[in-house]
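Single-structure report; data block below.
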Amino acid sequence: MEVVRPDWVYTASGLKRDVAIAMDDTRIVGILPPERQPRDVVRLPGRLIMPGMVNAHSHAFQRAFRGHVQWSQGEDDFWTWRQAMYGVANSLTPDGIEAISRLAFLEMAESGITHVGEFHYLHHRPGGGRYTDPDELAHRVIRAALDVGIRITLLRVVYGRHSAGKALTAEQGRFGDRSPDEALAAATRLAAHPDPRVSAGIAPHSVRAVPPAWLPELAAWDGVVHAHVAEQPAEVEGCFAEHGCSPLQALDRSGLVTSAFSAVHLTHPSAGDVQRLAEVGASVVACPTTEMDLGDGFLPNDARQKTSVCLGSDSHAAIDLFWEARALELHARALAGRRNVLAPPGERHGLAKRLLHAATSAGSRALGSDAVGLQVGSEADLIAVDLRHVAAVGMPPLEAVAFAANPQWVTDVWTAGQRIVADGRHVARERIIADARDHLLR
Ligand SMILES: [Zn+2]
């Protein structure tokens with residue numbers, strides 16, 4: 001059992017000073033006032049301990065070309081970026097996918113992320129030939145997460161076509177399913193993974209990439225469902241032309257939009273979409289950095305205000321969930337032309353709590369977990385944030401985390417009671433970086 005005492009603990013019932021956290025090798029077993037703390041308590045001066053952050057939308061392999069698509073090829077938009085991404089997706093070997101995923105997850109762990117939702121669509125050999133184990137690449141990605149020590153929800157993507165009336169192209173062969181059953185069977189096998197840190201969901205990639213007849217069959221899945229929804233105007237127009245309704249409505253008519261559903265992006269929702277998501281209690285995954293990087297646009301403010309919003313680092317142009325959380329409010333201000341848009345009126349520290357909720361519990365919920373903050377009995381997935389940085393001087397602790405912190409402020413990370421990052425460094429950092437180097441785009 002480990003007992004640590006930072007200066008502040010952000011518990012499910014608020015910020016506490018001078019308490020210690022006792023954890024066994026899975027859960028928090030005590031939040032101890034000074035008189036109950038053991039003599040050998042490990043002190044973490046200047047630190048604030050809070051729940052680990054949840055990255056609800058990741059494509060780990062896309063870390064391979066970070067920085068290599070930041071100069072112009074002439075006309076640059078989402079679709080030209082996608083072409084570059086396809087080149088990388090088809091060049092990586094299974095070893096490469098595993099090594100790059102491990103690098104992405106290492107960066108997540110060191111930046112305070114303890115649970116990732118991996119929207120996984122590299123299933124087959126380039127061109128579409130099957131591996132002996134049809135789940136080979138999913139297992140590689142899962143192994144990478146477990147090696148680093150973070151939880152993973154493998155969102156097994158369903159991908160059946162290029163777009164309306166167009167079959168998969170050769171370069172999409174690696175993603176493609178022959179039927180909805182193929183995808184459901186894979187997700188079922190992955191959900192039976194013996195490690196309790198692993199779970200699985202199903203992810204119709206988008207209405208563009210899934211034939212309409214497949215959608216109702218996918219609704220048979222009992223568990224979390226994620227989909228890219230209304231990320232680009234062309235996707236919305238294509239959906240109206242084919243389905244006569246918005247992407248969200250097409251998914252809804254097929255029975256896929258429930259409280260276990262997450263709409264990723266939703267940067268171009270149609271009338272009624274936000275209301276419907278709010279009605280059923282579905283989640284929205286905002287990925288502000290990627291949405292800016294790709295020129296997708298902004299999640300509208302009514303979605304930020306009415307739905308359960310969580311966060312993702314998606315393409316990994318950057319991995320910084322503090323920033324993603326902050327952007328949720330700062331973009332809302334830029335859109336509304338006023339301040340404190342997402343703040344509950346009159347509640348002191350309410351806005352910081354709201355943003356930290358998006359980065360933690362809201363993400364857990366979207367990934368099918370019941371984690372609701374730091375309390376006795378909850379999973380010991382914790383991070384320590386160092387508030388001794390000069391930028392934090394004079395700031396209230398929660399506002400320091402929500403409005404000033406960055407990944408370098410994370411000093412210690414525990415998942416299931418195991419400390420995987422100490423003094424800002426993961427124990428296997430050097431090996432993981434060395435293994436990934438050969439597979440990164442040069
Ligand atoms: Zn995505």
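We name chains A, B, ... following the order of the structure tokens; residues begin at 1 in each chain, and ligands are numbered from 1 as shown.
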- Distance filter 8 Å around ligand 1, atoms: only C-alpha atoms and all ligand atoms, out as a ChimeraX atom specification: /A:57-59,119,228,264,314-315
- Message: So that I can check the surroundings of Val284 in chain A, please list as a count of residues only every protein, DNA and RNA residue that reaches within 12 Å of it, counting only C-alpha atoms and ignoring chain neighbours fewer than 2 positions away.
- Response: 50
- Query: Which residues in range 314-345 of chain A does DSSP call alpha helix (DSSP H)? List them as a list in words.
  - Reply: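 Checking each residue of range 314-345 of chain A, the alpha helix (DSSP H) ones are Leu321, Phe322, Trp323, Glu324, Ala325, Arg326, Ala327, Leu328, Glu329, Leu330, His331, Ala332, Arg333, Ala334, Leu335 and Ala336 of chain A.
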Suppose we keep C-alpha atoms; can you now write the selection as a CSV table (one decimal), in the first residue's frame?
chain,number,residue,atom,x,y,z
A,321,LEU,CA,-5.4,17.7,-22.3
A,322,PHE,CA,-4.9,20.7,-20.1
A,323,TRP,CA,-4.9,22.8,-23.3
A,324,GLU,CA,-7.8,20.9,-24.8
A,325,ALA,CA,-9.9,21.5,-21.7
A,326,ARG,CA,-9.0,25.2,-21.6
A,327,ALA,CA,-9.9,25.6,-25.3
A,328,LEU,CA,-13.4,24.3,-24.6
A,329,GLU,CA,-14.0,27.6,-22.7
A,330,LEU,CA,-11.7,29.9,-24.6
A,331,HIS,CA,-13.2,28.9,-28.0
A,332,ALA,CA,-16.7,29.4,-26.5
A,333,ARG,CA,-15.7,32.9,-25.5
A,334,ALA,CA,-14.4,33.7,-28.9
A,335,LEU,CA,-17.6,32.4,-30.5
A,336,ALA,CA,-19.9,34.2,-28.0
- Please provide as a PyMOL selection string all residues within 10 Å of Gly96 in chain A, with the sequence filter that same-chain residues fewer than 2 positions apart are discarded (counting only C-alpha atoms). chain A and resi 61+64+91-94+98-102+140+435-440
Atoms kept (C-alpha atoms) for selection, written as a PDB file, in the first residue's frame:
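Just written: result-v2.pdb:
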ATOM      1  CA  PHE A  61      -0.410   5.703 -35.279  1.00  0.00           C
ATOM      2  CA  ALA A  64       4.208   8.964 -36.790  1.00  0.00           C
ATOM      3  CA  SER A  91       3.636   2.142 -44.752  1.00  0.00           C
ATOM      4  CA  LEU A  92       3.657   0.978 -41.127  1.00  0.00           C
ATOM      5  CA  THR A  93       4.468  -2.625 -40.220  1.00  0.00           C
ATOM      6  CA  PRO A  94       2.842  -4.272 -37.187  1.00  0.00           C
ATOM      7  CA  GLU A  98       3.109  -1.010 -31.926  1.00  0.00           C
ATOM      8  CA  ALA A  99       6.205   1.155 -31.453  1.00  0.00           C
ATOM      9  CA  ILE A 100       4.498   4.374 -32.554  1.00  0.00           C
ATOM     10  CA  SER A 101       1.451   3.607 -30.416  1.00  0.00           C
ATOM     11  CA  ARG A 102       3.748   3.050 -27.441  1.00  0.00           C
ATOM     12  CA  ARG A 140      -0.417  -4.629 -30.886  1.00  0.00           C
ATOM     13  CA  ASP A 435      12.111   1.713 -30.444  1.00  0.00           C
ATOM     14  CA  ALA A 436       9.843   4.259 -32.152  1.00  0.00           C
ATOM     15  CA  ARG A 437      12.548   6.290 -33.898  1.00  0.00           C
ATOM     16  CA  ASP A 438      12.985   3.965 -36.898  1.00  0.00           C
ATOM     17  CA  HIS A 439       9.256   4.039 -37.649  1.00  0.00           C
ATOM     18  CA  LEU A 440       8.667   7.800 -37.527  1.00  0.00           C
TER      19      LEU A 440
END
- For Gln70 in chain A, which residue among A:Ile31, A:Leu218, A:Ala84, A:Ala428 is the nearest when counting only C-alpha atoms?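 Among the listed residues, the smallest separation from Gln70 in chain A belongs to A:Ala84.
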- Which of A:Arg156, A:Arg388, A:His243, A:His316 sits closest to Ala104 in chain A [using only C-alpha atoms]: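 Closest candidate: A:His316.
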- So which residues of range 178-312 of chain A fall under strand (DSSP E) by DSSP, listed as a VMD selection string? chain A and resid 198 to 204 225 to 229 261 to 265 283 to 286 308 to 311
Residues of range 85-143 of chain A that have any atom at most 9 Å from an atom of range 188-212 of chain A: could you tabulate them with the shortest-distance atom pair and the distance in Å to one decimal, using only C-alpha atoms, ordered by chain and increasing number, as a tab-separated table?
residue	atom	partner	partner_atom	distance
A:His115	CA	A:Arg197	CA	8.7
A:Gly117	CA	A:Ala200	CA	8.8
A:Phe119	CA	A:Ala203	CA	7.1
A:His120	CA	A:Ala203	CA	8.4
A:Tyr121	CA	A:His205	CA	8.2
A:Asp135	CA	A:Leu190	CA	7.9
A:Ala138	CA	A:Leu190	CA	8.1
A:His139	CA	A:Leu190	CA	8.2
A:Ile142	CA	A:Val198	CA	7.5
- Message: Give me, as a PyMOL selection string, all polymer residues having an atom no more than 12 Å from Gly238 in chain A, counting only C-alpha atoms and skipping those fewer than 3 positions away in the same chain.
- Response: chain A and resi 162-165+206-209+230+232-235+241-247+250
Please produce a file of those selected residues containing N, CA and C atoms, as an mmCIF file, in the first residue's frame.
data_model
loop_
_atom_site.group_PDB
_atom_site.id
_atom_site.type_symbol
_atom_site.label_atom_id
_atom_site.label_comp_id
_atom_site.auth_asym_id
_atom_site.auth_seq_id
_atom_site.Cartn_x
_atom_site.Cartn_y
_atom_site.Cartn_z
ATOM 1 N N HIS A 162 -15.657 3.618 -49.586
ATOM 2 C CA HIS A 162 -15.019 4.932 -49.716
ATOM 3 C C HIS A 162 -16.021 6.031 -49.362
ATOM 4 N N SER A 163 -17.183 5.981 -50.029
ATOM 5 C CA SER A 163 -18.257 6.963 -49.798
ATOM 6 C C SER A 163 -19.489 6.436 -50.525
ATOM 7 N N ALA A 164 -20.562 7.191 -50.524
ATOM 8 C CA ALA A 164 -21.818 6.712 -51.122
ATOM 9 C C ALA A 164 -21.584 6.184 -52.542
ATOM 10 N N GLY A 165 -21.919 4.931 -52.774
ATOM 11 C CA GLY A 165 -21.814 4.358 -54.112
ATOM 12 C C GLY A 165 -20.406 4.036 -54.571
ATOM 13 N N SER A 206 -17.817 6.709 -39.848
ATOM 14 C CA SER A 206 -18.591 7.907 -40.196
ATOM 15 C C SER A 206 -19.704 7.425 -41.117
ATOM 16 N N VAL A 207 -20.711 8.240 -41.332
ATOM 17 C CA VAL A 207 -21.768 7.810 -42.268
ATOM 18 C C VAL A 207 -21.206 7.685 -43.682
ATOM 19 N N ARG A 208 -20.134 8.408 -43.955
ATOM 20 C CA ARG A 208 -19.501 8.327 -45.268
ATOM 21 C C ARG A 208 -18.923 6.922 -45.516
ATOM 22 N N ALA A 209 -18.308 6.349 -44.490
ATOM 23 C CA ALA A 209 -17.513 5.128 -44.673
ATOM 24 C C ALA A 209 -18.271 3.843 -44.345
ATOM 25 N N ALA A 230 -20.216 14.726 -38.514
ATOM 26 C CA ALA A 230 -20.268 16.105 -39.021
ATOM 27 C C ALA A 230 -18.966 16.864 -38.799
ATOM 28 N N GLN A 232 -16.795 17.549 -41.313
ATOM 29 C CA GLN A 232 -16.553 18.393 -42.486
ATOM 30 C C GLN A 232 -17.882 18.659 -43.213
ATOM 31 N N PRO A 233 -18.046 19.837 -43.798
ATOM 32 C CA PRO A 233 -19.283 20.134 -44.536
ATOM 33 C C PRO A 233 -19.566 19.117 -45.647
ATOM 34 N N ALA A 234 -18.522 18.639 -46.323
ATOM 35 C CA ALA A 234 -18.746 17.701 -47.434
ATOM 36 C C ALA A 234 -19.392 16.409 -46.937
ATOM 37 N N GLU A 235 -19.037 15.989 -45.707
ATOM 38 C CA GLU A 235 -19.633 14.777 -45.144
ATOM 39 C C GLU A 235 -21.131 14.995 -44.903
ATOM 40 N N ALA A 241 -27.599 14.018 -49.239
ATOM 41 C CA ALA A 241 -27.870 13.500 -50.580
ATOM 42 C C ALA A 241 -28.246 12.019 -50.532
ATOM 43 N N GLU A 242 -27.591 11.259 -49.664
ATOM 44 C CA GLU A 242 -27.829 9.808 -49.630
ATOM 45 C C GLU A 242 -28.968 9.418 -48.694
ATOM 46 N N HIS A 243 -28.979 9.992 -47.493
ATOM 47 C CA HIS A 243 -29.955 9.591 -46.468
ATOM 48 C C HIS A 243 -31.128 10.560 -46.350
ATOM 49 N N GLY A 244 -30.963 11.764 -46.909
ATOM 50 C CA GLY A 244 -32.010 12.772 -46.770
ATOM 51 C C GLY A 244 -32.076 13.367 -45.375
ATOM 52 N N CYS A 245 -31.011 13.222 -44.616
ATOM 53 C CA CYS A 245 -30.982 13.769 -43.250
ATOM 54 C C CYS A 245 -29.530 13.979 -42.842
ATOM 55 N N SER A 246 -29.331 14.504 -41.643
ATOM 56 C CA SER A 246 -27.969 14.777 -41.169
ATOM 57 C C SER A 246 -27.286 13.473 -40.748
ATOM 58 N N PRO A 247 -25.953 13.481 -40.647
ATOM 59 C CA PRO A 247 -25.248 12.274 -40.184
ATOM 60 C C PRO A 247 -25.767 11.766 -38.829
ATOM 61 N N ALA A 250 -29.041 10.079 -39.307
ATOM 62 C CA ALA A 250 -28.894 8.772 -39.972
ATOM 63 C C ALA A 250 -28.476 7.712 -38.950
#
